[in-house]
>>> print(open('protein33.tsv').read())   # TSV, C-alpha atoms
chain	number	residue	atom	x	y	z
A	186	MET	CA	127.48	81.89	86.81
A	187	ASN	CA	128.68	84.20	89.51
A	188	ASN	CA	126.69	87.32	90.28
A	189	ASN	CA	128.09	87.74	93.76
A	190	LEU	CA	129.55	91.12	92.94
A	191	PRO	CA	128.51	93.61	95.60
A	192	GLN	CA	126.65	95.88	93.23
A	193	VAL	CA	124.50	92.96	92.08
A	194	PHE	CA	124.23	91.52	95.53
A	195	TRP	CA	122.98	94.57	97.35
A	196	HIS	CA	120.57	96.41	95.11
A	197	GLN	CA	117.76	94.05	94.27
A	198	PRO	CA	114.44	95.86	94.20
A	199	LYS	CA	112.05	94.55	96.80
A	200	LEU	CA	108.41	93.68	96.36
A	201	THR	CA	106.14	96.61	97.11
A	202	ILE	CA	102.77	96.83	98.78
A	203	ASN	CA	101.26	97.28	95.31
A	204	ASN	CA	102.76	94.02	94.09
A	205	ARG	CA	101.05	92.22	96.96
A	206	ARG	CA	97.75	93.97	96.33
A	207	ILE	CA	97.86	92.86	92.72
A	208	LEU	CA	98.48	89.25	93.74
A	209	ASN	CA	95.66	89.36	96.30
A	210	GLN	CA	93.34	91.24	93.95
A	211	HIS	CA	92.26	93.62	96.70
A	212	LYS	CA	93.68	96.56	98.61
A	213	SER	CA	95.14	96.34	102.10
A	214	CYS	CA	94.28	98.59	105.01
A	215	VAL	CA	93.70	98.54	108.74
A	216	ILE	CA	90.17	98.42	110.11
A	217	TRP	CA	90.50	99.75	113.64
A	218	LEU	CA	87.63	98.65	115.89
A	219	THR	CA	87.46	100.80	119.02
A	220	GLY	CA	84.95	100.76	121.86
A	221	LEU	CA	84.18	99.66	125.39
A	222	SER	CA	85.06	96.27	126.77
A	223	ALA	CA	82.26	93.86	125.77
A	224	SER	CA	80.99	96.21	123.07
A	225	GLY	CA	81.53	93.44	120.51
A	226	LYS	CA	84.88	94.38	118.92
A	227	SER	CA	86.38	90.87	118.89
A	228	THR	CA	83.15	89.30	117.68
A	229	LEU	CA	82.87	91.75	114.81
A	230	ALA	CA	86.57	91.37	114.01
A	231	ASN	CA	86.36	87.60	113.76
A	232	GLU	CA	83.06	87.60	111.90
A	233	LEU	CA	84.39	90.12	109.39
A	234	ASP	CA	87.53	88.01	109.01
A	235	LYS	CA	85.37	84.98	108.17
A	236	TYR	CA	83.16	86.99	105.83
A	237	LEU	CA	86.20	88.23	103.90
A	238	TYR	CA	87.78	84.77	103.92
A	239	ASN	CA	84.71	83.37	102.24
A	240	GLN	CA	85.31	85.83	99.42
A	241	SER	CA	88.97	84.77	99.11
A	242	ILE	CA	90.15	88.02	100.64
A	243	ARG	CA	93.30	87.86	102.74
A	244	SER	CA	92.67	89.31	106.17
A	245	TYR	CA	93.89	88.85	109.72
A	246	VAL	CA	92.74	89.87	113.18
A	247	LEU	CA	94.99	91.57	115.69
A	248	ASP	CA	93.44	91.71	119.15
A	249	GLY	CA	94.18	91.29	122.82
A	250	ASP	CA	94.25	87.52	122.49
A	251	ASN	CA	97.21	87.42	120.18
A	252	VAL	CA	98.91	90.64	121.25
A	253	ARG	CA	98.51	91.12	125.00
A	254	HIS	CA	99.35	87.44	125.53
A	255	GLY	CA	102.18	87.38	123.02
A	256	LEU	CA	104.06	90.37	121.68
A	257	ASN	CA	102.93	92.70	124.47
A	258	LYS	CA	102.86	90.30	127.38
A	259	ASP	CA	105.57	92.35	129.09
A	260	LEU	CA	103.28	95.40	129.24
A	261	GLY	CA	100.84	96.40	131.96
A	262	PHE	CA	98.26	99.17	132.08
A	263	SER	CA	100.26	102.18	133.21
A	264	PRO	CA	100.03	105.21	130.91
A	265	GLU	CA	103.50	104.43	129.48
A	266	ASP	CA	102.65	100.79	128.94
A	267	ARG	CA	99.32	101.61	127.29
A	268	LYS	CA	101.16	103.95	124.94
A	269	GLU	CA	103.80	101.32	124.14
A	270	ASN	CA	101.04	98.74	123.66
A	271	ILE	CA	99.38	100.88	121.01
A	272	ARG	CA	102.72	101.77	119.41
A	273	ARG	CA	103.69	98.13	118.91
A	274	ILE	CA	100.24	97.16	117.64
A	275	CYS	CA	100.43	99.97	115.15
A	276	GLU	CA	103.89	98.88	113.96
A	277	VAL	CA	102.67	95.30	113.51
A	278	ALA	CA	99.52	96.49	111.73
A	279	GLN	CA	101.74	98.43	109.32
A	280	LEU	CA	103.69	95.25	108.53
A	281	PHE	CA	100.46	93.35	107.87
A	282	VAL	CA	99.10	96.11	105.63
A	283	ASP	CA	102.44	96.17	103.79
A	284	ALA	CA	102.11	92.39	103.38
A	285	GLY	CA	98.83	93.00	101.54
A	286	LEU	CA	96.31	91.94	104.17
A	287	ILE	CA	93.13	93.64	105.33
A	288	THR	CA	94.17	93.95	108.95
A	289	ILE	CA	91.39	94.02	111.52
A	290	ALA	CA	92.53	95.51	114.82
A	291	ALA	CA	90.23	95.17	117.84
A	292	PHE	CA	91.40	97.22	120.82
A	293	ILE	CA	89.53	99.38	123.33
A	294	SER	CA	91.94	102.25	122.50
A	295	PRO	CA	89.89	104.73	124.58
A	296	TYR	CA	91.97	107.86	124.00
A	297	LEU	CA	91.39	110.17	121.05
A	298	GLU	CA	95.03	111.14	120.94
A	299	ASP	CA	96.19	107.54	120.68
A	300	ARG	CA	93.81	106.84	117.81
A	301	LYS	CA	94.93	110.02	116.07
A	302	THR	CA	98.54	108.90	116.46
A	303	VAL	CA	97.75	105.55	114.91
A	304	ARG	CA	95.81	107.15	112.06
A	305	ALA	CA	98.73	109.44	111.32
A	306	MET	CA	101.00	106.43	110.86
A	307	PHE	CA	99.04	105.23	107.83
A	308	PRO	CA	98.67	106.82	104.41
A	309	LEU	CA	95.30	108.46	103.76
A	310	GLY	CA	92.60	105.86	103.24
A	311	GLU	CA	94.52	103.00	104.80
A	312	PHE	CA	93.16	103.57	108.32
A	313	ILE	CA	89.45	102.95	108.81
A	314	GLU	CA	88.23	103.81	112.29
A	315	VAL	CA	85.14	101.92	113.34
A	316	TYR	CA	83.47	103.00	116.56
A	317	VAL	CA	81.84	99.94	118.06
A	318	LYS	CA	79.16	101.77	120.00
A	319	CYS	CA	77.31	100.14	122.83
A	320	SER	CA	75.92	101.62	126.04
A	321	VAL	CA	77.84	100.98	129.22
A	322	GLU	CA	74.65	99.45	130.62
A	323	GLU	CA	74.48	96.87	127.84
A	324	CYS	CA	78.22	96.13	128.03
A	325	GLU	CA	77.88	95.66	131.77
A	326	ARG	CA	74.89	93.38	131.26
A	327	ARG	CA	76.90	91.22	128.85
A	328	ASP	CA	80.11	91.31	130.91
A	329	PRO	CA	81.40	88.01	129.48
A	330	LYS	CA	84.68	88.16	131.36
A	331	GLY	CA	83.24	89.51	134.62
A	332	LEU	CA	85.39	92.62	134.25
A	333	TYR	CA	82.62	95.16	134.90
A	334	LYS	CA	81.74	93.34	138.10
A	335	MET	CA	85.37	93.57	139.18
A	336	ALA	CA	85.48	97.24	138.22
A	337	ARG	CA	82.33	97.99	140.26
A	338	THR	CA	83.87	96.35	143.32
A	339	ASN	CA	87.18	98.15	142.83
A	340	GLN	CA	89.08	94.99	142.03
A	341	LEU	CA	89.95	96.61	138.70
A	342	LYS	CA	91.13	100.22	138.72
A	343	GLU	CA	90.83	102.68	135.86
A	344	PHE	CA	88.38	100.55	133.92
A	345	THR	CA	87.20	102.18	130.69
A	346	GLY	CA	83.57	103.27	130.92
A	347	ILE	CA	83.41	102.92	134.70
A	348	SER	CA	86.40	104.64	136.25
A	349	ALA	CA	88.30	105.77	133.16
A	350	PRO	CA	87.01	107.66	130.14
A	351	TYR	CA	86.22	106.46	126.66
A	352	GLU	CA	86.74	109.42	124.34
A	353	ILE	CA	84.40	109.27	121.35
A	354	SER	CA	85.79	110.35	117.97
A	355	GLU	CA	83.91	113.01	116.09
A	356	ASN	CA	84.59	111.48	112.74
A	357	PRO	CA	85.10	107.72	112.68
A	358	GLU	CA	84.69	106.26	109.20
A	359	LEU	CA	81.93	104.01	110.56
A	360	THR	CA	79.83	103.64	113.69
A	361	ILE	CA	78.26	100.30	114.49
A	362	GLU	CA	75.71	100.14	117.27
A	363	THR	CA	75.94	96.66	118.64
A	364	ASP	CA	73.16	97.25	121.17
A	365	LYS	CA	70.81	97.98	118.29
A	366	GLN	CA	72.16	95.98	115.33
A	367	SER	CA	72.63	92.25	114.86
A	368	VAL	CA	76.07	90.86	114.16
A	369	GLU	CA	74.91	90.01	110.67
A	370	SER	CA	73.78	93.55	109.85
A	371	SER	CA	77.00	94.94	111.36
A	372	ILE	CA	79.13	92.75	109.12
A	373	LEU	CA	77.10	93.73	106.08
A	374	GLN	CA	77.60	97.40	107.00
A	375	LEU	CA	81.36	96.88	107.25
A	376	ALA	CA	81.49	94.90	104.01
A	377	GLU	CA	79.41	97.52	102.20
A	378	TYR	CA	81.83	100.23	103.33
A	379	LEU	CA	84.82	98.25	102.07
A	380	LYS	CA	83.10	97.51	98.78
A	381	THR	CA	81.83	100.99	98.00
A	382	HIS	CA	85.20	102.52	98.89
A	383	GLY	CA	87.05	100.22	96.52
A	384	TYR	CA	88.98	98.16	99.08
A	385	LEU	CA	87.77	94.84	97.73
A	386	GLN	CA	89.24	95.32	94.30
A	387	SER	CA	92.81	95.46	93.12
A	388	ILE	CA	94.60	98.75	92.53
B	144	MET	CA	66.70	89.35	113.73
B	145	ASN	CA	68.48	89.78	117.00
B	146	ASN	CA	71.32	87.46	117.85
B	147	ASN	CA	72.92	89.79	120.34
B	148	LEU	CA	72.44	87.35	123.18
B	149	PRO	CA	75.74	86.92	125.00
B	150	GLN	CA	76.04	83.21	124.28
B	151	VAL	CA	75.71	83.88	120.55
B	152	PHE	CA	77.80	86.98	120.67
B	153	TRP	CA	80.85	85.54	122.36
B	154	HIS	CA	81.50	82.10	121.01
B	155	GLN	CA	81.99	82.40	117.29
B	156	PRO	CA	84.65	80.00	116.10
B	157	LYS	CA	87.62	81.82	114.62
B	158	LEU	CA	89.43	81.08	111.41
B	159	THR	CA	92.34	78.72	111.95
B	160	ILE	CA	95.77	78.56	110.42
B	161	ASN	CA	94.54	75.63	108.33
B	162	ASN	CA	91.71	77.69	106.87
B	163	ARG	CA	94.25	80.23	105.70
B	164	ARG	CA	96.55	77.58	104.27
B	165	ILE	CA	93.66	76.16	102.27
B	166	LEU	CA	92.84	79.59	100.84
B	167	ASN	CA	96.48	80.24	99.97
B	168	GLN	CA	97.02	76.71	98.64
B	169	HIS	CA	100.32	76.37	100.45
B	170	LYS	CA	101.59	75.86	103.97
B	171	SER	CA	102.93	78.63	106.16
B	172	CYS	CA	106.18	78.56	108.09
B	173	VAL	CA	109.11	80.73	109.09
B	174	ILE	CA	112.35	80.59	107.12
B	175	TRP	CA	114.95	81.92	109.52
B	176	LEU	CA	118.06	83.22	107.74
B	177	THR	CA	120.97	83.54	110.15
B	178	GLY	CA	124.57	84.56	109.50
B	179	LEU	CA	127.16	87.31	109.66
B	180	SER	CA	126.48	90.88	108.69
B	181	ALA	CA	126.92	91.14	104.90
B	182	SER	CA	126.63	87.38	104.43
B	183	GLY	CA	123.66	87.96	102.11
B	184	LYS	CA	120.64	87.32	104.36
B	185	SER	CA	118.56	90.29	103.21
B	186	THR	CA	119.39	89.70	99.57
B	187	LEU	CA	118.35	86.06	99.79
B	188	ALA	CA	115.24	86.98	101.78
B	189	ASN	CA	114.06	89.49	99.20
B	190	GLU	CA	114.97	87.32	96.23
B	191	LEU	CA	113.13	84.35	97.74
B	192	ASP	CA	110.16	86.60	98.43
B	193	LYS	CA	110.08	87.59	94.76
B	194	TYR	CA	110.55	84.01	93.60
B	195	LEU	CA	107.59	82.86	95.70
B	196	TYR	CA	105.50	85.86	94.64
B	197	ASN	CA	105.97	84.89	91.03
B	198	GLN	CA	104.40	81.55	91.90
B	199	SER	CA	101.42	83.26	93.60
B	200	ILE	CA	102.68	82.21	97.02
B	201	ARG	CA	101.99	84.60	99.89
B	202	SER	CA	105.20	85.48	101.68
B	203	TYR	CA	106.68	88.40	103.59
B	204	VAL	CA	110.13	89.45	104.75
B	205	LEU	CA	110.87	90.47	108.32
B	206	ASP	CA	114.31	92.02	108.67
B	207	GLY	CA	116.22	94.79	110.33
B	208	ASP	CA	114.81	97.35	107.92
B	209	ASN	CA	111.23	96.93	109.00
B	210	VAL	CA	111.82	95.77	112.57
B	211	ARG	CA	114.80	97.65	114.03
B	212	HIS	CA	113.48	100.88	112.53
B	213	GLY	CA	109.86	100.24	113.46
B	214	LEU	CA	108.61	97.83	116.09
B	215	ASN	CA	111.97	97.53	117.82
B	216	LYS	CA	113.31	101.04	117.40
B	217	ASP	CA	113.29	101.43	121.20
B	218	LEU	CA	115.85	98.64	121.58
B	219	GLY	CA	119.62	98.84	121.60
B	220	PHE	CA	122.25	96.13	121.58
B	221	SER	CA	122.61	95.27	125.27
B	222	PRO	CA	122.12	91.58	126.09
B	223	GLU	CA	118.61	92.31	127.44
B	224	ASP	CA	117.68	94.37	124.39
B	225	ARG	CA	119.02	91.73	121.99
B	226	LYS	CA	116.91	89.14	123.78
B	227	GLU	CA	113.81	91.35	123.65
B	228	ASN	CA	114.54	92.09	119.99
B	229	ILE	CA	114.47	88.38	119.14
B	230	ARG	CA	111.42	87.76	121.36
B	231	ARG	CA	109.33	90.38	119.58
B	232	ILE	CA	110.46	89.25	116.13
B	233	CYS	CA	109.48	85.73	117.06
B	234	GLU	CA	106.04	86.83	118.28
B	235	VAL	CA	105.46	88.78	115.07
B	236	ALA	CA	106.68	85.85	112.96
B	237	GLN	CA	104.15	83.64	114.75
B	238	LEU	CA	101.35	86.04	113.81
B	239	PHE	CA	102.46	86.01	110.17
B	240	VAL	CA	102.67	82.22	110.09
B	241	ASP	CA	99.22	82.06	111.71
B	242	ALA	CA	98.00	84.42	108.98
B	243	GLY	CA	99.10	81.84	106.39
B	244	LEU	CA	102.24	83.47	105.04
B	245	ILE	CA	105.64	82.01	104.35
B	246	THR	CA	107.54	84.32	106.64
B	247	ILE	CA	111.16	85.00	105.76
B	248	ALA	CA	113.12	86.33	108.73
B	249	ALA	CA	116.61	87.73	108.12
B	250	PHE	CA	118.51	88.45	111.33
B	251	ILE	CA	122.11	87.87	112.34
B	252	SER	CA	120.86	86.01	115.46
B	253	PRO	CA	124.38	84.88	116.39
B	254	TYR	CA	123.56	82.89	119.53
B	255	LEU	CA	122.65	79.21	119.45
B	256	GLU	CA	120.45	79.57	122.50
B	257	ASP	CA	118.40	82.37	120.96
B	258	ARG	CA	117.80	80.37	117.81
B	259	LYS	CA	116.84	77.33	119.87
B	260	THR	CA	114.37	79.50	121.80
B	261	VAL	CA	112.81	80.73	118.58
B	262	ARG	CA	112.63	77.20	117.15
B	263	ALA	CA	110.88	75.97	120.29
B	264	MET	CA	108.15	78.57	119.82
B	265	PHE	CA	107.01	76.97	116.54
B	266	PRO	CA	105.41	73.58	115.95
B	267	LEU	CA	107.68	70.96	114.43
B	268	GLY	CA	108.33	71.69	110.77
B	269	GLU	CA	107.24	75.32	110.90
B	270	PHE	CA	110.72	76.66	111.68
B	271	ILE	CA	113.32	76.28	108.95
B	272	GLU	CA	116.78	77.44	109.97
B	273	VAL	CA	118.97	78.53	107.07
B	274	TYR	CA	122.60	79.21	107.83
B	275	VAL	CA	123.78	81.86	105.41
B	276	LYS	CA	127.43	80.90	105.45
B	277	CYS	CA	130.10	83.27	104.27
B	278	SER	CA	133.67	83.75	105.45
B	279	VAL	CA	134.37	86.78	107.60
B	280	GLU	CA	136.99	87.75	105.01
B	281	GLU	CA	134.41	87.86	102.22
B	282	CYS	CA	131.85	89.67	104.40
B	283	GLU	CA	134.49	92.21	105.30
B	284	ARG	CA	135.42	92.62	101.65
B	285	ARG	CA	131.77	93.30	100.76
B	286	ASP	CA	131.07	95.50	103.81
B	287	PRO	CA	128.22	97.39	102.09
B	288	LYS	CA	127.40	99.43	105.15
B	289	GLY	CA	130.98	100.04	106.26
B	290	LEU	CA	130.29	98.23	109.53
B	291	TYR	CA	133.32	95.95	109.43
B	292	LYS	CA	135.55	98.96	108.94
B	293	MET	CA	133.96	100.58	111.98
B	294	ALA	CA	134.35	97.37	113.99
B	295	ARG	CA	138.06	97.13	113.06
B	296	THR	CA	138.63	100.67	114.26
B	297	ASN	CA	136.66	100.07	117.47
B	298	GLN	CA	133.90	102.46	116.49
B	299	LEU	CA	131.54	99.49	116.83
B	300	LYS	CA	131.88	97.26	119.86
B	301	GLU	CA	130.88	93.61	120.09
B	302	PHE	CA	130.52	93.21	116.36
B	303	THR	CA	129.58	89.68	115.32
B	304	GLY	CA	132.46	87.90	113.59
B	305	ILE	CA	135.04	90.46	114.71
B	306	SER	CA	134.67	91.09	118.43
B	307	ALA	CA	131.64	88.96	119.25
B	308	PRO	CA	131.01	85.31	118.37
B	309	TYR	CA	128.77	83.78	115.76
B	310	GLU	CA	127.75	80.37	117.05
B	311	ILE	CA	127.19	77.91	114.21
B	312	SER	CA	124.28	75.48	114.54
B	313	GLU	CA	125.07	71.80	114.17
B	314	ASN	CA	121.85	71.05	112.38
B	315	PRO	CA	120.31	73.89	110.38
B	316	GLU	CA	117.76	72.67	107.87
B	317	LEU	CA	119.83	74.29	105.12
B	318	THR	CA	123.24	75.85	104.65
B	319	ILE	CA	123.80	78.28	101.82
B	320	GLU	CA	127.35	79.33	101.03
B	321	THR	CA	127.09	82.78	99.55
B	322	ASP	CA	130.81	83.05	99.00
B	323	LYS	CA	130.62	80.00	96.72
B	324	GLN	CA	127.09	80.05	95.27
B	325	SER	CA	125.32	82.59	93.12
B	326	VAL	CA	122.14	84.22	94.34
B	327	GLU	CA	120.26	82.30	91.66
B	328	SER	CA	121.53	78.89	92.78
B	329	SER	CA	120.85	79.82	96.43
B	330	ILE	CA	117.23	80.67	95.66
B	331	LEU	CA	116.80	77.45	93.71
B	332	GLN	CA	118.23	75.53	96.68
B	333	LEU	CA	115.75	77.21	99.04
B	334	ALA	CA	112.85	76.67	96.66
B	335	GLU	CA	113.78	73.02	96.16
B	336	TYR	CA	113.79	72.51	99.93
B	337	LEU	CA	110.33	74.08	100.26
B	338	LYS	CA	109.00	72.04	97.37
B	339	THR	CA	110.36	68.65	98.37
B	340	HIS	CA	109.22	69.13	101.97
B	341	GLY	CA	105.66	69.90	100.92
B	342	TYR	CA	105.50	73.55	101.92
B	343	LEU	CA	104.37	74.75	98.51
B	344	GLN	CA	101.21	72.71	98.51
B	345	SER	CA	98.07	72.97	100.57
B	346	ILE	CA	97.50	70.77	103.63
>>> encode(input="protein33.tsv", output="structure tokens")
Amino acid sequence: MNNNLPQVFWHQPKLTINNRRILNQHKSCVIWLTGLSASGKSTLANELDKYLYNQSIRSYVLDGDNVRHGLNKDLGFSPEDRKENIRRICEVAQLFVDAGLITIAAFISPYLEDRKTVRAMFPLGEFIEVYVKCSVEECERRDPKGLYKMARTNQLKEFTGISAPYEISENPELTIETDKQSVESSILQLAEYLKTHGYLQSI
Amino acid sequence: MNNNLPQVFWHQPKLTINNRRILNQHKSCVIWLTGLSASGKSTLANELDKYLYNQSIRSYVLDGDNVRHGLNKDLGFSPEDRKENIRRICEVAQLFVDAGLITIAAFISPYLEDRKTVRAMFPLGEFIEVYVKCSVEECERRDPKGLYKMARTNQLKEFTGISAPYEISENPELTIETDKQSVESSILQLAEYLKTHGYLQSI
């Protein structure tokens, strides 16, 4: 057998996103957690990941740990670098969604325009913005990495919530108030959203 | 219930790569297809992807189509840009392997040193180098994108195989000769390798 002819060789249809959703028996999308440092984004991301895992749903977390220290380790915090940071994250999230995974992105992403840009890169319904709301006071009280302390003493410049703005969306798909809700109730709120909007079933 | 205390909030164990492998019932790794332009890398990548899909194995293809036109669209072909291109691909491949997928990467990657660098970024056994071997003559005969023609008329500079080297590895895990084998036999060879080396079963 020899099917090395160019016309055979070069026009094999590829698997589509729908093929992968059928295999996984659920839809794929990006859940974009945005909010202040220490608002609870990473915690919620990882807890949701575990919750979905326990239901045999394929998901993955993209956050500062695996992006700022890996793919984007060449980027700083200048306006251009912040923009490039978000651009690359968005491109990677698109690959993960295409691969059929519920992709949980946890990034401060303080600017409305940036979040709008990301949203626009996904088909309708595939970008779920979740505002992880928590007062600056509570975030500063938690301050697990000591970043607020550094921001207050000017060791960190342009720190979101202290010396740089966080721009609240008017219409995120979900708002979770981590200074009022438990982690458990937050995860149930997220899961309920995914369930009632049909994400946890196949196409 | 209120478990918002910082010590509860910030130390939730995350899912590991092994958790994901157990859910998927197979290991994850990167299959790195390297070879000349038109040697058949993308074809093999997509055919292998489909073959694995039909066995309910989670896989995904990373290639020029979804990387050079997305994540790496800001990069050209200077030595620095080529290096950055490979670095980012490698970082993304690591995320996909961590997510539990058999990640099929199809890139010319002509330099030994670059491929060694990529290999070193994965644990032993998680990087499978596949040399997609095909004579320059046959690649040039196929020339589906007209690139060889452009290289011969100097419209493309530093074209691998014509005016820039392809450095052959001494010890790729597999060599597939697409000018001698059919696509079907190539896929069976790849699948046999994965099967006999335990990749298609859980940990």
>>> interface_residues(input="protein33.tsv", of="chain A", to="chain B", cutoff="9 Å", atoms="all atoms listed in the file", output="number ranges by chain")
A: 186-191, 194-200, 204-205, 208-209, 225, 227-228, 231-232, 234-235, 238, 241-247, 251-252, 255-257, 272-277, 280-281, 283-284, 327-329, 363-369
>>> residues_around(input="protein33.tsv", residues="region 251-254 of chain B", least_positions_apart="2", cutoff="7 Å", atoms="all atoms listed in the file", output="VMD selection string")
chain B and resid 177 to 180 249 256 to 258 308 to 310
>>> atom_distance(input="protein33.tsv", atom1="CA of Met293 (chain B)", atom2="CA of Asn228 (chain B)")
22.7 Å
>>> closest_residue(input="protein33.tsv", among="A:Ile271, A:Leu332, A:Ile347, A:Leu260", to="Thr302 (chain A)", atoms="all atoms listed in the file")
A:Ile271
>>> closest_residue(input="protein33.tsv", among="B:Leu299, B:Ile319, B:Ala236, B:Ala294", to="Cys277 (chain B)", atoms="only C-alpha atoms")
B:Ile319
>>> atom_distance(input="protein33.tsv", atom1="CA of Lys330 (chain A)", atom2="CA of Phe265 (chain B)")
29.0 Å
>>> closest_residue(input="protein33.tsv", among="A:Lys301, A:Lys212, A:Lys226, A:Arg206", to="Cys324 (chain A)", atoms="all atoms listed in the file")
A:Lys226
>>> atom_distance(input="protein33.tsv", atom1="CA of Thr318 (chain B)", atom2="CA of Lys276 (chain B)")
6.6 Å
>>> residues_around(input="protein33.tsv", residues="Asn314 (chain B)", least_positions_apart="6", cutoff="10 Å", atoms="all atoms listed in the file", output="short mmCIF file (atom, residue, chain, number, x, y, z; two decimals) with C-alpha atoms, in the frame of the given file")
data_model
loop_
_atom_site.label_atom_id
_atom_site.label_comp_id
_atom_site.auth_asym_id
_atom_site.auth_seq_id
_atom_site.Cartn_x
_atom_site.Cartn_y
_atom_site.Cartn_z
CA GLU B 272 116.78 77.44 109.97
CA VAL B 273 118.97 78.53 107.07
CA TYR B 274 122.60 79.21 107.83
#
>>> residues_around(input="protein33.tsv", residues="Val282 (chain A)", least_positions_apart="4", cutoff="8 Å", atoms="all atoms listed in the file", output="list in words")
Ile202, Ser213, Cys214, Val215, Ala278, Leu286, Ile287 and Thr288 of chain A
>>> closest_residue(input="protein33.tsv", among="B:Val279, B:Ile271, B:Leu333, B:Leu317", to="Phe302 (chain B)", atoms="only C-alpha atoms")
B:Val279
>>> decode(input="protein33.tsv", residues="region 288-299 of chain B", atoms="N, CA, C and O atoms", output="short mmCIF file (atom, residue, chain, number, x, y, z; two decimals), in the first residue's frame")
data_model
loop_
_atom_site.label_atom_id
_atom_site.label_comp_id
_atom_site.auth_asym_id
_atom_site.auth_seq_id
_atom_site.Cartn_x
_atom_site.Cartn_y
_atom_site.Cartn_z
N LYS B 288 3.40 23.74 -0.27
CA LYS B 288 3.21 25.18 -0.05
C LYS B 288 4.07 26.02 -1.00
O LYS B 288 4.13 27.25 -0.87
N GLY B 289 4.77 25.36 -1.90
CA GLY B 289 5.62 26.09 -2.84
C GLY B 289 6.85 26.71 -2.20
O GLY B 289 7.49 27.60 -2.79
N LEU B 290 7.20 26.25 -1.00
CA LEU B 290 8.32 26.87 -0.28
C LEU B 290 9.68 26.50 -0.86
O LEU B 290 10.59 27.34 -0.90
N TYR B 291 9.81 25.25 -1.32
CA TYR B 291 11.08 24.84 -1.90
C TYR B 291 11.37 25.65 -3.16
O TYR B 291 12.49 26.07 -3.41
N LYS B 292 10.33 25.86 -3.93
CA LYS B 292 10.47 26.65 -5.16
C LYS B 292 10.96 28.05 -4.82
O LYS B 292 11.87 28.59 -5.46
N MET B 293 10.37 28.62 -3.77
CA MET B 293 10.78 29.96 -3.34
C MET B 293 12.21 29.95 -2.81
O MET B 293 12.98 30.90 -3.03
N ALA B 294 12.58 28.87 -2.13
CA ALA B 294 13.95 28.78 -1.59
C ALA B 294 14.96 28.67 -2.72
O ALA B 294 16.03 29.28 -2.69
N ARG B 295 14.60 27.91 -3.77
CA ARG B 295 15.51 27.72 -4.92
C ARG B 295 15.72 29.01 -5.70
O ARG B 295 16.75 29.21 -6.33
N THR B 296 14.72 29.88 -5.65
CA THR B 296 14.83 31.15 -6.38
C THR B 296 15.18 32.30 -5.44
O THR B 296 14.98 33.46 -5.78
N ASN B 297 15.69 31.92 -4.25
CA ASN B 297 16.17 32.91 -3.27
C ASN B 297 15.09 33.85 -2.74
O ASN B 297 15.41 34.88 -2.16
N GLN B 298 13.83 33.48 -2.93
CA GLN B 298 12.78 34.30 -2.33
C GLN B 298 12.66 33.99 -0.84
O GLN B 298 12.12 34.78 -0.08
N LEU B 299 13.13 32.80 -0.45
CA LEU B 299 13.20 32.44 0.97
C LEU B 299 14.65 32.17 1.31
O LEU B 299 15.30 31.35 0.67
#
